[in-house]
file model_37.csv (CSV, N, CA and C atoms and all ligand atoms)
chain,number,residue,atom,x,y,z
A,1,MET,N,-14.3,-10.1,-24.3
A,1,MET,CA,-13.0,-10.2,-23.5
A,1,MET,C,-12.5,-8.8,-23.3
A,2,PRO,N,-12.5,-8.2,-22.1
A,2,PRO,CA,-12.1,-6.9,-21.8
A,2,PRO,C,-10.6,-6.8,-22.1
A,3,LEU,N,-10.2,-5.6,-22.5
A,3,LEU,CA,-8.7,-5.3,-22.7
A,3,LEU,C,-8.1,-5.2,-21.3
A,4,SER,N,-6.8,-5.3,-21.3
A,4,SER,CA,-6.0,-5.2,-20.0
A,4,SER,C,-5.9,-3.7,-19.7
A,5,PRO,N,-5.8,-3.4,-18.4
A,5,PRO,CA,-5.7,-2.0,-18.0
A,5,PRO,C,-4.4,-1.4,-18.5
A,6,ILE,N,-4.4,-0.1,-18.7
A,6,ILE,CA,-3.2,0.7,-18.9
A,6,ILE,C,-3.1,1.8,-17.9
A,7,TYR,N,-2.0,1.8,-17.2
A,7,TYR,CA,-1.8,2.8,-16.1
A,7,TYR,C,-0.9,4.0,-16.6
A,8,GLY,N,-1.1,5.1,-16.1
A,8,GLY,CA,-0.3,6.3,-16.4
A,8,GLY,C,-1.1,7.2,-17.4
A,9,ASP,N,-0.7,8.4,-17.5
A,9,ASP,CA,-1.3,9.4,-18.3
A,9,ASP,C,-0.9,9.2,-19.8
A,10,PRO,N,-1.9,9.3,-20.7
A,10,PRO,CA,-1.5,9.2,-22.1
A,10,PRO,C,-1.1,10.6,-22.6
A,11,ASP,N,-0.5,10.6,-23.8
A,11,ASP,CA,-0.1,11.9,-24.4
A,11,ASP,C,-1.4,12.7,-24.6
A,12,ALA,N,-1.3,14.0,-24.3
A,12,ALA,CA,-2.5,14.9,-24.3
A,12,ALA,C,-2.9,15.2,-25.7
A,13,ASP,N,-2.1,15.0,-26.7
A,13,ASP,CA,-2.4,15.2,-28.1
A,13,ASP,C,-2.9,13.9,-28.8
A,14,GLY,N,-3.1,12.9,-28.1
A,14,GLY,CA,-3.6,11.6,-28.6
A,14,GLY,C,-2.6,10.7,-29.3
A,15,ALA,N,-1.3,10.9,-29.1
A,15,ALA,CA,-0.3,10.0,-29.7
A,15,ALA,C,-0.4,8.6,-29.2
A,16,ASP,N,-1.0,8.4,-28.0
A,16,ASP,CA,-1.1,7.0,-27.5
A,16,ASP,C,-2.4,6.3,-27.8
A,17,CYS,N,-3.3,7.0,-28.5
A,17,CYS,CA,-4.7,6.5,-28.6
A,17,CYS,C,-4.8,5.2,-29.5
A,18,VAL,N,-4.1,5.2,-30.6
A,18,VAL,CA,-4.2,4.0,-31.5
A,18,VAL,C,-3.7,2.8,-30.8
A,19,ALA,N,-2.7,2.9,-29.9
A,19,ALA,CA,-2.2,1.7,-29.2
A,19,ALA,C,-3.0,1.4,-27.9
A,20,CYS,N,-4.0,2.3,-27.7
A,20,CYS,CA,-4.9,2.1,-26.5
A,20,CYS,C,-6.3,1.6,-26.9
A,21,GLY,N,-7.1,2.4,-27.4
A,21,GLY,CA,-8.4,2.0,-27.9
A,21,GLY,C,-9.4,1.6,-26.8
A,22,ARG,N,-9.1,1.9,-25.6
A,22,ARG,CA,-9.9,1.4,-24.5
A,22,ARG,C,-11.3,2.1,-24.5
A,23,CYS,N,-11.3,3.4,-24.8
A,23,CYS,CA,-12.6,4.1,-24.8
A,23,CYS,C,-13.5,3.7,-26.0
A,24,CYS,N,-13.0,3.0,-26.9
A,24,CYS,CA,-13.8,2.5,-28.1
A,24,CYS,C,-14.3,1.1,-27.8
A,25,HIS,N,-14.1,0.6,-26.6
A,25,HIS,CA,-14.7,-0.7,-26.1
A,25,HIS,C,-15.8,-0.3,-25.2
A,26,HIS,N,-17.0,-0.7,-25.5
A,26,HIS,CA,-18.1,-0.3,-24.6
A,26,HIS,C,-19.3,-1.1,-25.0
A,27,SER,N,-20.4,-0.9,-24.2
A,27,SER,CA,-21.7,-1.7,-24.5
A,27,SER,C,-22.3,-1.2,-25.8
A,28,PRO,N,-23.2,-2.0,-26.3
A,28,PRO,CA,-24.0,-1.6,-27.5
A,28,PRO,C,-24.8,-0.3,-27.1
A,29,ARG,N,-25.2,0.4,-28.1
A,29,ARG,CA,-26.0,1.7,-27.9
A,29,ARG,C,-25.3,2.6,-26.9
A,30,THR,N,-24.0,2.8,-27.1
A,30,THR,CA,-23.2,3.8,-26.3
A,30,THR,C,-23.0,5.1,-27.1
A,31,VAL,N,-22.6,4.9,-28.4
A,31,VAL,CA,-22.3,6.1,-29.2
A,31,VAL,C,-23.6,6.5,-30.0
A,32,HIS,N,-24.2,7.5,-29.5
A,32,HIS,CA,-25.5,8.0,-30.1
A,32,HIS,C,-25.2,9.1,-31.1
A,33,LEU,N,-25.9,9.1,-32.2
A,33,LEU,CA,-25.7,10.1,-33.2
A,33,LEU,C,-26.7,11.2,-33.2
A,34,LEU,N,-26.1,12.5,-33.3
A,34,LEU,CA,-26.9,13.7,-33.4
A,34,LEU,C,-27.2,13.9,-34.9
A,35,GLU,N,-28.1,14.8,-35.2
A,35,GLU,CA,-28.4,15.0,-36.7
A,35,GLU,C,-27.1,15.5,-37.4
A,36,SER,N,-26.3,16.3,-36.7
A,36,SER,CA,-25.1,16.8,-37.3
A,36,SER,C,-24.1,15.7,-37.5
A,37,ASP,N,-24.1,14.7,-36.7
A,37,ASP,CA,-23.2,13.5,-36.9
A,37,ASP,C,-23.7,12.8,-38.1
A,38,GLU,N,-25.0,12.6,-38.3
A,38,GLU,CA,-25.5,11.9,-39.4
A,38,GLU,C,-25.2,12.6,-40.7
A,39,GLU,N,-25.3,13.9,-40.7
A,39,GLU,CA,-24.9,14.7,-41.9
A,39,GLU,C,-23.4,14.5,-42.3
A,40,ARG,N,-22.6,14.6,-41.2
A,40,ARG,CA,-21.2,14.5,-41.5
A,40,ARG,C,-20.8,13.1,-42.0
A,41,MET,N,-21.4,12.1,-41.4
A,41,MET,CA,-21.0,10.7,-41.8
A,41,MET,C,-21.5,10.3,-43.2
A,42,GLY,N,-22.7,10.8,-43.5
A,42,GLY,CA,-23.3,10.4,-44.9
A,42,GLY,C,-23.9,9.1,-44.9
A,43,GLU,N,-24.8,8.9,-45.9
A,43,GLU,CA,-25.6,7.7,-46.0
A,43,GLU,C,-24.8,6.3,-46.1
A,44,PRO,N,-23.8,6.2,-46.9
A,44,PRO,CA,-23.1,4.9,-47.0
A,44,PRO,C,-22.6,4.4,-45.6
A,45,LEU,N,-22.0,5.3,-44.9
A,45,LEU,CA,-21.4,5.0,-43.5
A,45,LEU,C,-22.6,4.7,-42.6
A,46,LEU,N,-23.6,5.5,-42.7
A,46,LEU,CA,-24.8,5.3,-41.7
A,46,LEU,C,-25.3,3.9,-42.0
A,47,ARG,N,-25.5,3.5,-43.2
A,47,ARG,CA,-26.1,2.2,-43.5
A,47,ARG,C,-25.2,1.1,-43.0
A,48,ARG,N,-23.8,1.2,-43.2
A,48,ARG,CA,-22.9,0.2,-42.8
A,48,ARG,C,-22.7,0.1,-41.3
A,49,LEU,N,-22.7,1.2,-40.6
A,49,LEU,CA,-22.1,1.2,-39.3
A,49,LEU,C,-23.1,1.6,-38.2
A,50,THR,N,-24.4,1.9,-38.5
A,50,THR,CA,-25.3,2.3,-37.5
A,50,THR,C,-26.6,1.5,-37.4
A,51,ILE,N,-27.2,1.6,-36.3
A,51,ILE,CA,-28.5,0.9,-36.1
A,51,ILE,C,-29.5,2.0,-35.6
A,52,VAL,N,-30.8,1.9,-36.0
A,52,VAL,CA,-31.8,2.8,-35.5
A,52,VAL,C,-32.8,2.0,-34.7
A,53,GLU,N,-33.0,2.5,-33.5
A,53,GLU,CA,-34.0,1.8,-32.6
A,53,GLU,C,-35.4,1.8,-33.3
A,54,THR,N,-36.1,0.7,-33.1
A,54,THR,CA,-37.4,0.5,-33.7
A,54,THR,C,-38.5,1.3,-33.0
A,55,THR,N,-38.2,1.7,-31.8
A,55,THR,CA,-39.2,2.4,-31.0
A,55,THR,C,-38.9,3.9,-30.9
A,56,PRO,N,-40.0,4.8,-30.9
A,56,PRO,CA,-39.7,6.2,-30.8
A,56,PRO,C,-38.9,6.5,-29.6
A,57,PRO,N,-38.0,7.5,-29.6
A,57,PRO,CA,-37.8,8.5,-30.7
A,57,PRO,C,-36.8,8.0,-31.8
A,58,HIS,N,-36.6,6.7,-32.0
A,58,HIS,CA,-35.8,6.2,-33.0
A,58,HIS,C,-34.4,6.7,-33.0
A,59,PHE,N,-33.7,6.6,-31.8
A,59,PHE,CA,-32.3,7.0,-31.7
A,59,PHE,C,-31.5,6.2,-32.6
A,60,ARG,N,-30.4,6.8,-33.2
A,60,ARG,CA,-29.5,6.1,-34.0
A,60,ARG,C,-28.2,5.9,-33.2
A,61,PHE,N,-27.6,4.7,-33.2
A,61,PHE,CA,-26.3,4.5,-32.6
A,61,PHE,C,-25.3,3.8,-33.5
A,62,ILE,N,-24.1,4.0,-33.2
A,62,ILE,CA,-23.0,3.2,-33.9
A,62,ILE,C,-23.2,1.7,-33.5
A,63,ARG,N,-23.2,0.8,-34.4
A,63,ARG,CA,-23.3,-0.6,-34.2
A,63,ARG,C,-22.1,-1.1,-33.4
A,64,ASN,N,-22.3,-2.1,-32.5
A,64,ASN,CA,-21.2,-2.7,-31.8
A,64,ASN,C,-20.8,-4.0,-32.6
A,65,GLU,N,-19.5,-4.4,-32.4
A,65,GLU,CA,-19.1,-5.7,-32.8
A,65,GLU,C,-18.6,-6.3,-31.5
A,66,GLY,N,-19.5,-7.1,-30.8
A,66,GLY,CA,-19.1,-7.7,-29.5
A,66,GLY,C,-19.0,-6.6,-28.5
A,67,ASP,N,-17.8,-6.5,-27.9
A,67,ASP,CA,-17.6,-5.5,-26.8
A,67,ASP,C,-16.9,-4.3,-27.3
A,68,ARG,N,-16.9,-4.1,-28.6
A,68,ARG,CA,-16.2,-2.9,-29.1
A,68,ARG,C,-17.1,-2.2,-30.2
A,69,CYS,N,-16.7,-1.0,-30.4
A,69,CYS,CA,-17.4,-0.2,-31.5
A,69,CYS,C,-17.2,-0.8,-32.8
A,70,GLY,N,-18.2,-0.9,-33.7
A,70,GLY,CA,-18.1,-1.5,-35.0
A,70,GLY,C,-17.3,-0.7,-35.9
A,71,ALA,N,-16.9,0.6,-35.6
A,71,ALA,CA,-16.1,1.4,-36.5
A,71,ALA,C,-14.6,1.3,-36.1
A,72,LEU,N,-14.3,0.5,-35.1
A,72,LEU,CA,-12.9,0.3,-34.7
A,72,LEU,C,-12.2,-0.6,-35.8
A,73,ASP,N,-11.1,-0.2,-36.2
A,73,ASP,CA,-10.3,-1.1,-37.2
A,73,ASP,C,-9.4,-2.0,-36.4
A,74,VAL,N,-9.7,-3.3,-36.4
A,74,VAL,CA,-8.9,-4.2,-35.6
A,74,VAL,C,-8.1,-5.1,-36.5
A,75,SER,N,-7.8,-4.7,-37.7
A,75,SER,CA,-7.1,-5.5,-38.7
A,75,SER,C,-5.6,-5.8,-38.3
A,76,GLU,N,-5.0,-4.9,-37.5
A,76,GLU,CA,-3.7,-5.1,-37.0
A,76,GLU,C,-3.7,-5.3,-35.5
A,77,PRO,N,-3.2,-6.5,-35.1
A,77,PRO,CA,-3.3,-6.8,-33.6
A,77,PRO,C,-2.6,-5.8,-32.8
A,78,GLY,N,-3.2,-5.4,-31.7
A,78,GLY,CA,-2.6,-4.4,-30.8
A,78,GLY,C,-2.8,-3.0,-31.2
A,79,LEU,N,-3.4,-2.7,-32.3
A,79,LEU,CA,-3.7,-1.3,-32.7
A,79,LEU,C,-5.2,-1.1,-32.9
A,80,TYR,N,-5.6,0.1,-32.5
A,80,TYR,CA,-7.1,0.3,-32.5
A,80,TYR,C,-7.4,1.7,-33.1
A,81,PRO,N,-7.1,1.8,-34.4
A,81,PRO,CA,-7.5,3.1,-35.0
A,81,PRO,C,-9.0,3.2,-35.3
A,82,CYS,N,-9.5,4.3,-35.2
A,82,CYS,CA,-10.9,4.6,-35.6
A,82,CYS,C,-11.0,4.7,-37.1
A,83,SER,N,-11.8,3.8,-37.8
A,83,SER,CA,-11.9,3.8,-39.2
A,83,SER,C,-12.6,5.0,-39.8
A,84,ILE,N,-13.3,5.8,-38.9
A,84,ILE,CA,-14.0,7.0,-39.4
A,84,ILE,C,-13.6,8.2,-38.6
A,85,TYR,N,-12.3,8.2,-38.2
A,85,TYR,CA,-11.8,9.3,-37.3
A,85,TYR,C,-12.2,10.7,-37.7
A,86,GLN,N,-12.1,11.0,-39.0
A,86,GLN,CA,-12.4,12.4,-39.4
A,86,GLN,C,-13.8,12.8,-39.2
A,87,VAL,N,-14.7,11.8,-39.3
A,87,VAL,CA,-16.2,12.1,-39.2
A,87,VAL,C,-16.8,11.4,-38.0
A,88,ARG,N,-16.0,11.1,-37.0
A,88,ARG,CA,-16.6,10.4,-35.8
A,88,ARG,C,-17.6,11.3,-35.1
A,89,PRO,N,-18.6,10.6,-34.5
A,89,PRO,CA,-19.6,11.4,-33.8
A,89,PRO,C,-19.1,12.3,-32.6
A,90,GLU,N,-20.0,13.2,-32.3
A,90,GLU,CA,-19.7,14.1,-31.1
A,90,GLU,C,-19.4,13.3,-29.9
A,91,ASP,N,-20.2,12.3,-29.6
A,91,ASP,CA,-20.0,11.5,-28.4
A,91,ASP,C,-18.5,11.1,-28.3
A,92,CYS,N,-17.9,10.7,-29.4
A,92,CYS,CA,-16.5,10.2,-29.3
A,92,CYS,C,-15.5,11.4,-29.0
A,93,ARG,N,-15.9,12.6,-29.5
A,93,ARG,CA,-15.0,13.7,-29.3
A,93,ARG,C,-15.0,14.2,-27.8
A,94,ILE,N,-16.0,13.8,-27.1
A,94,ILE,CA,-16.1,14.2,-25.6
A,94,ILE,C,-14.9,13.5,-24.8
A,95,VAL,N,-14.5,12.3,-25.3
A,95,VAL,CA,-13.5,11.6,-24.5
A,95,VAL,C,-12.1,12.1,-25.0
A,96,GLU,N,-11.6,13.1,-24.3
A,96,GLU,CA,-10.3,13.7,-24.6
A,96,GLU,C,-9.2,12.9,-23.9
A,97,PRO,N,-8.1,12.7,-24.6
A,97,PRO,CA,-6.9,12.0,-23.9
A,97,PRO,C,-6.5,12.7,-22.6
A,98,GLY,N,-6.4,11.9,-21.6
A,98,GLY,CA,-6.0,12.5,-20.3
A,98,GLY,C,-7.2,13.0,-19.4
A,99,SER,N,-8.4,13.0,-20.0
A,99,SER,CA,-9.6,13.4,-19.2
A,99,SER,C,-9.9,12.3,-18.2
A,100,PRO,N,-10.8,12.6,-17.2
A,100,PRO,CA,-11.2,11.6,-16.2
A,100,PRO,C,-11.8,10.4,-16.9
A,101,CYS,N,-12.6,10.5,-17.9
A,101,CYS,CA,-13.2,9.3,-18.5
A,101,CYS,C,-12.2,8.6,-19.4
A,102,CYS,N,-11.2,9.2,-19.9
A,102,CYS,CA,-10.2,8.5,-20.6
A,102,CYS,C,-9.4,7.7,-19.6
A,103,LEU,N,-9.0,8.3,-18.5
A,103,LEU,CA,-8.2,7.6,-17.5
A,103,LEU,C,-8.9,6.4,-16.9
A,104,GLU,N,-10.3,6.6,-16.7
A,104,GLU,CA,-11.1,5.5,-16.2
A,104,GLU,C,-11.1,4.4,-17.3
A,105,ALA,N,-11.3,4.7,-18.6
A,105,ALA,CA,-11.3,3.7,-19.6
A,105,ALA,C,-10.0,2.9,-19.6
A,106,ARG,N,-8.9,3.6,-19.5
A,106,ARG,CA,-7.6,2.9,-19.5
A,106,ARG,C,-7.5,2.0,-18.3
A,107,ARG,N,-8.0,2.5,-17.2
A,107,ARG,CA,-7.9,1.7,-15.9
A,107,ARG,C,-8.8,0.4,-16.0
A,108,LEU,N,-10.0,0.6,-16.6
A,108,LEU,CA,-10.9,-0.5,-16.7
A,108,LEU,C,-10.7,-1.4,-17.9
A,109,GLY,N,-10.1,-0.9,-18.9
A,109,GLY,CA,-10.0,-1.7,-20.2
A,109,GLY,C,-11.2,-1.4,-21.1
A,110,HIS,N,-12.1,-0.6,-20.7
A,110,HIS,CA,-13.2,-0.2,-21.5
A,110,HIS,C,-13.8,1.1,-21.0
A,111,LEU,N,-14.7,1.7,-21.8
A,111,LEU,CA,-15.3,2.9,-21.3
A,111,LEU,C,-16.1,2.7,-20.1
A,112,GLY,N,-16.0,3.6,-19.1
A,112,GLY,CA,-16.7,3.5,-17.8
A,112,GLY,C,-17.9,4.4,-17.8
A,113,VAL,N,-18.3,4.7,-16.6
A,113,VAL,CA,-19.6,5.4,-16.4
A,113,VAL,C,-19.3,6.9,-16.2
A,114,SER,N,-18.1,7.4,-16.1
A,114,SER,CA,-17.9,8.8,-15.8
A,114,SER,C,-18.0,9.7,-17.0
A,115,VAL,N,-18.1,9.1,-18.2
A,115,VAL,CA,-18.2,9.9,-19.4
A,115,VAL,C,-19.6,10.6,-19.4
A,116,GLU,N,-19.6,11.9,-19.7
A,116,GLU,CA,-20.9,12.6,-19.7
A,116,GLU,C,-21.3,13.0,-21.1
A,117,PHE,N,-22.1,12.1,-21.7
A,117,PHE,CA,-22.6,12.3,-23.1
A,117,PHE,C,-23.7,13.4,-23.0
A,118,LYS,N,-23.7,14.2,-24.1
A,118,LYS,CA,-24.8,15.2,-24.2
A,118,LYS,C,-26.0,14.5,-25.0
A,119,ARG,N,-27.1,14.5,-24.4
A,119,ARG,CA,-28.3,13.9,-25.1
A,119,ARG,C,-29.4,14.9,-25.3
A,201,LIG,S1,-8.9,5.8,-23.5
A,201,LIG,FE1,-7.8,7.8,-23.7
A,201,LIG,S2,-5.8,7.3,-24.5
A,201,LIG,FE2,-7.1,5.5,-24.8
A,201,LIG,S3,-7.9,5.8,-26.9
A,201,LIG,FE3,-9.4,6.7,-25.5
A,201,LIG,S4,-8.8,8.9,-25.4
A,201,LIG,FE4,-7.1,7.8,-26.2
A,202,LIG,S1,-16.6,5.9,-33.8
A,202,LIG,FE1,-14.4,5.7,-33.7
A,202,LIG,S2,-13.8,7.0,-32.0
A,202,LIG,FE2,-16.0,6.6,-31.8
A,202,LIG,S3,-16.1,4.7,-30.4
A,202,LIG,FE3,-16.1,4.1,-32.6
A,202,LIG,S4,-14.0,3.6,-33.1
A,202,LIG,FE4,-14.0,4.9,-31.2

call {"tool": "encode", "arguments": {"input": "model_37.csv", "output": "structure tokens"}}
result
Amino acid sequence: MPLSPIYGDPDADGADCVACGRCCHHSPRTVHLLESDEERMGEPLLRRLTIVETTPPHFRFIRNEGDRCGALDVSEPGLYPCSIYQVRPEDCRIVEPGSPCCLEARRLGHLGVSVEFKR
């Protein structure tokens, strides 16, 4: 179930992010982990929150829960904090509040195609 659109510019410092969470709603295999992400997250989080593709080159991704990232904390209705914010992958850091891909996510209710991940 997609989230509803949010119109207007968010706070540039991220004050609106927890009440938004639109960019953390996306298809499976969206948030890819670099080696540096794996080191920062550490084994227990990698085991709990990621999947590794069975075919070469065995990319690792954050696991999805339905149409959202599995690391999103949805324990409080209407709030979407990242449960691993301090160690979140580089892919997540690309989506800056107020950037074109952020505004697209808010408009669509989920991450769109304008985000440019580095692979
Ligand atoms: S879509 Fe933008 S405002 Fe919403 S959580 Fe992501 S970065 Fe924050
Ligand atoms: S790891 Fe955190 S910031 Fe990245 S998509 Fe998942 S919930 Fe959002």

call {"tool": "closest_residue", "arguments": {"input": "model_37.csv", "among": "A:Pro97, A:Glu90, A:Arg68, A:Tyr80", "to": "A:His25", "atoms": "all atoms listed in the file"}}
result
A:Arg68

call {"tool": "residues_near_ligand", "arguments": {"input": "model_37.csv", "ligand": "ligand LIG 202 (chain A)", "cutoff": "5 Å", "atoms": "all atoms listed in the file", "output": "mmCIF file with N, CA and C atoms, in the frame of the given file"}}
result
data_model
loop_
_atom_site.group_PDB
_atom_site.id
_atom_site.type_symbol
_atom_site.label_atom_id
_atom_site.label_comp_id
_atom_site.auth_asym_id
_atom_site.auth_seq_id
_atom_site.Cartn_x
_atom_site.Cartn_y
_atom_site.Cartn_z
ATOM 1 N N CYS A 24 -13.000 3.000 -26.900
ATOM 2 C CA CYS A 24 -13.800 2.500 -28.100
ATOM 3 C C CYS A 24 -14.300 1.100 -27.800
ATOM 4 N N CYS A 69 -16.700 -1.000 -30.400
ATOM 5 C CA CYS A 69 -17.400 -0.200 -31.500
ATOM 6 C C CYS A 69 -17.200 -0.800 -32.800
ATOM 7 N N ALA A 71 -16.900 0.600 -35.600
ATOM 8 C CA ALA A 71 -16.100 1.400 -36.500
ATOM 9 C C ALA A 71 -14.600 1.300 -36.100
ATOM 10 N N LEU A 72 -14.300 0.500 -35.100
ATOM 11 C CA LEU A 72 -12.900 0.300 -34.700
ATOM 12 C C LEU A 72 -12.200 -0.600 -35.800
ATOM 13 N N CYS A 82 -9.500 4.300 -35.200
ATOM 14 C CA CYS A 82 -10.900 4.600 -35.600
ATOM 15 C C CYS A 82 -11.000 4.700 -37.100
ATOM 16 N N ARG A 88 -16.000 11.100 -37.000
ATOM 17 C CA ARG A 88 -16.600 10.400 -35.800
ATOM 18 C C ARG A 88 -17.600 11.300 -35.100
ATOM 19 N N CYS A 92 -17.900 10.700 -29.400
ATOM 20 C CA CYS A 92 -16.500 10.200 -29.300
ATOM 21 C C CYS A 92 -15.500 11.400 -29.000
#

call {"tool": "closest_atom_pairs", "arguments": {"input": "model_37.csv", "of": "chain A", "to": "ligand LIG 201 (chain A)", "cutoff": "6.5 Å", "atoms": "only N, CA and C atoms and all ligand atoms", "output": "Markdown table"}}
result
| residue | atom | partner | partner_atom | distance |
| --- | --- | --- | --- | --- |
| A:Pro10 | CA | A:LIG201 | S2 | 5.3 |
| A:Asp11 | N | A:LIG201 | S2 | 6.3 |
| A:Gly14 | CA | A:LIG201 | FE4 | 5.7 |
| A:Asp16 | C | A:LIG201 | S2 | 4.8 |
| A:Cys17 | CA | A:LIG201 | FE4 | 3.6 |
| A:Val18 | N | A:LIG201 | S3 | 5.3 |
| A:Cys20 | CA | A:LIG201 | FE2 | 4.4 |
| A:Gly21 | N | A:LIG201 | S3 | 3.5 |
| A:Arg22 | N | A:LIG201 | FE2 | 4.2 |
| A:Cys23 | N | A:LIG201 | S1 | 3.6 |
| A:Cys24 | N | A:LIG201 | FE3 | 5.3 |
| A:Val95 | C | A:LIG201 | S4 | 4.6 |
| A:Glu96 | C | A:LIG201 | S4 | 4.3 |
| A:Pro97 | CA | A:LIG201 | S4 | 3.9 |
| A:Gly98 | N | A:LIG201 | FE1 | 4.8 |
| A:Ser99 | N | A:LIG201 | FE1 | 6.4 |
| A:Cys101 | C | A:LIG201 | S1 | 6.0 |
| A:Cys102 | CA | A:LIG201 | FE1 | 4.0 |
| A:Leu103 | N | A:LIG201 | FE1 | 5.4 |
| A:Ala105 | C | A:LIG201 | S1 | 5.0 |
| A:Arg106 | N | A:LIG201 | S1 | 4.6 |

call {"tool": "closest_residue", "arguments": {"input": "model_37.csv", "among": "A:Glu38, A:His32, A:Arg48, A:Pro81", "to": "A:Arg60", "atoms": "all atoms listed in the file"}}
result
A:His32

call {"tool": "atom_distance", "arguments": {"input": "model_37.csv", "atom1": "atom C of A:Asp91", "atom2": "atom CA of A:Val31"}}
result
6.3 Å

call {"tool": "atom_distance", "arguments": {"input": "model_37.csv", "atom1": "atom C of A:Ser83", "atom2": "atom CA of A:Leu45"}}
result
9.5 Å

call {"tool": "residues_near_point", "arguments": {"input": "model_37.csv", "point": "(-24.2, 2.4, -31.6)", "cutoff": "7 Å", "atoms": "only C-alpha atoms", "output": "ChimeraX atom specification"}}
result
/A:28-32,50-51,60-64

call {"tool": "residues_around", "arguments": {"input": "model_37.csv", "residues": "A:Val87", "least_positions_apart": "4", "cutoff": "8 Å", "atoms": "all atoms listed in the file", "output": "list in words"}}
result
Asp37, Arg40, Met41, Gly42 and Ser83 of chain A

call {"tool": "closest_residue", "arguments": {"input": "model_37.csv", "among": "A:Leu108, A:Glu116, A:Leu79, A:Ile6", "to": "A:Ile94", "atoms": "all atoms listed in the file"}}
result
A:Glu116

call {"tool": "closest_residue", "arguments": {"input": "model_37.csv", "among": "A:Gln86, A:Ser114, A:Ser36, A:Ser27", "to": "A:Gly70", "atoms": "only C-alpha atoms"}}
result
A:Ser27

call {"tool": "atom_distance", "arguments": {"input": "model_37.csv", "atom1": "atom CA of A:Glu76", "atom2": "atom CA of A:Gly112"}}
result
24.7 Å

call {"tool": "select_by_dssp", "arguments": {"input": "model_37.csv", "residues": "stretch 4-107 of chain A", "states": "alpha helix (DSSP H)", "output": "ChimeraX atom specification"}}
result
/A:35-41,43-49,90-94,100-107

call {"tool": "closest_residue", "arguments": {"input": "model_37.csv", "among": "A:Leu34, A:Glu39, A:Leu3, A:Glu65", "to": "A:His110", "atoms": "only C-alpha atoms"}}
result
A:Leu3

call {"tool": "build_atoms", "arguments": {"input": "model_37.csv", "residues": "stretch 5-16 of chain A", "atoms": "N, CA, C and O atoms", "output": "PDB file, in the coordinates of the input"}}
result
ATOM      1  N   PRO A   5      -5.800  -3.400 -18.400  1.00  0.00           N
ATOM      2  CA  PRO A   5      -5.700  -2.000 -18.000  1.00  0.00           C
ATOM      3  C   PRO A   5      -4.400  -1.400 -18.500  1.00  0.00           C
ATOM      4  O   PRO A   5      -3.374  -2.104 -18.695  1.00  0.00           O
ATOM      5  N   ILE A   6      -4.400  -0.100 -18.700  1.00  0.00           N
ATOM      6  CA  ILE A   6      -3.200   0.700 -18.900  1.00  0.00           C
ATOM      7  C   ILE A   6      -3.100   1.800 -17.900  1.00  0.00           C
ATOM      8  O   ILE A   6      -4.024   2.517 -17.688  1.00  0.00           O
ATOM      9  N   TYR A   7      -2.000   1.800 -17.200  1.00  0.00           N
ATOM     10  CA  TYR A   7      -1.800   2.800 -16.100  1.00  0.00           C
ATOM     11  C   TYR A   7      -0.900   4.000 -16.600  1.00  0.00           C
ATOM     12  O   TYR A   7      -0.126   3.821 -17.539  1.00  0.00           O
ATOM     13  N   GLY A   8      -1.100   5.100 -16.100  1.00  0.00           N
ATOM     14  CA  GLY A   8      -0.300   6.300 -16.400  1.00  0.00           C
ATOM     15  C   GLY A   8      -1.100   7.200 -17.400  1.00  0.00           C
ATOM     16  O   GLY A   8      -2.071   6.766 -18.035  1.00  0.00           O
ATOM     17  N   ASP A   9      -0.700   8.400 -17.500  1.00  0.00           N
ATOM     18  CA  ASP A   9      -1.300   9.400 -18.300  1.00  0.00           C
ATOM     19  C   ASP A   9      -0.900   9.200 -19.800  1.00  0.00           C
ATOM     20  O   ASP A   9       0.283   9.098 -20.064  1.00  0.00           O
ATOM     21  N   PRO A  10      -1.900   9.300 -20.700  1.00  0.00           N
ATOM     22  CA  PRO A  10      -1.500   9.200 -22.100  1.00  0.00           C
ATOM     23  C   PRO A  10      -1.100  10.600 -22.600  1.00  0.00           C
ATOM     24  O   PRO A  10      -1.279  11.625 -21.937  1.00  0.00           O
ATOM     25  N   ASP A  11      -0.500  10.600 -23.800  1.00  0.00           N
ATOM     26  CA  ASP A  11      -0.100  11.900 -24.400  1.00  0.00           C
ATOM     27  C   ASP A  11      -1.400  12.700 -24.600  1.00  0.00           C
ATOM     28  O   ASP A  11      -2.419  12.233 -25.123  1.00  0.00           O
ATOM     29  N   ALA A  12      -1.300  14.000 -24.300  1.00  0.00           N
ATOM     30  CA  ALA A  12      -2.500  14.900 -24.300  1.00  0.00           C
ATOM     31  C   ALA A  12      -2.900  15.200 -25.700  1.00  0.00           C
ATOM     32  O   ALA A  12      -4.096  15.539 -25.939  1.00  0.00           O
ATOM     33  N   ASP A  13      -2.100  15.000 -26.700  1.00  0.00           N
ATOM     34  CA  ASP A  13      -2.400  15.200 -28.100  1.00  0.00           C
ATOM     35  C   ASP A  13      -2.900  13.900 -28.800  1.00  0.00           C
ATOM     36  O   ASP A  13      -3.123  13.963 -30.007  1.00  0.00           O
ATOM     37  N   GLY A  14      -3.100  12.900 -28.100  1.00  0.00           N
ATOM     38  CA  GLY A  14      -3.600  11.600 -28.600  1.00  0.00           C
ATOM     39  C   GLY A  14      -2.600  10.700 -29.300  1.00  0.00           C
ATOM     40  O   GLY A  14      -3.034   9.724 -29.932  1.00  0.00           O
ATOM     41  N   ALA A  15      -1.300  10.900 -29.100  1.00  0.00           N
ATOM     42  CA  ALA A  15      -0.300  10.000 -29.700  1.00  0.00           C
ATOM     43  C   ALA A  15      -0.400   8.600 -29.200  1.00  0.00           C
ATOM     44  O   ALA A  15       0.057   7.689 -29.888  1.00  0.00           O
ATOM     45  N   ASP A  16      -1.000   8.400 -28.000  1.00  0.00           N
ATOM     46  CA  ASP A  16      -1.100   7.000 -27.500  1.00  0.00           C
ATOM     47  C   ASP A  16      -2.400   6.300 -27.800  1.00  0.00           C
ATOM     48  O   ASP A  16      -2.638   5.161 -27.476  1.00  0.00           O
TER      49      ASP A  16
END
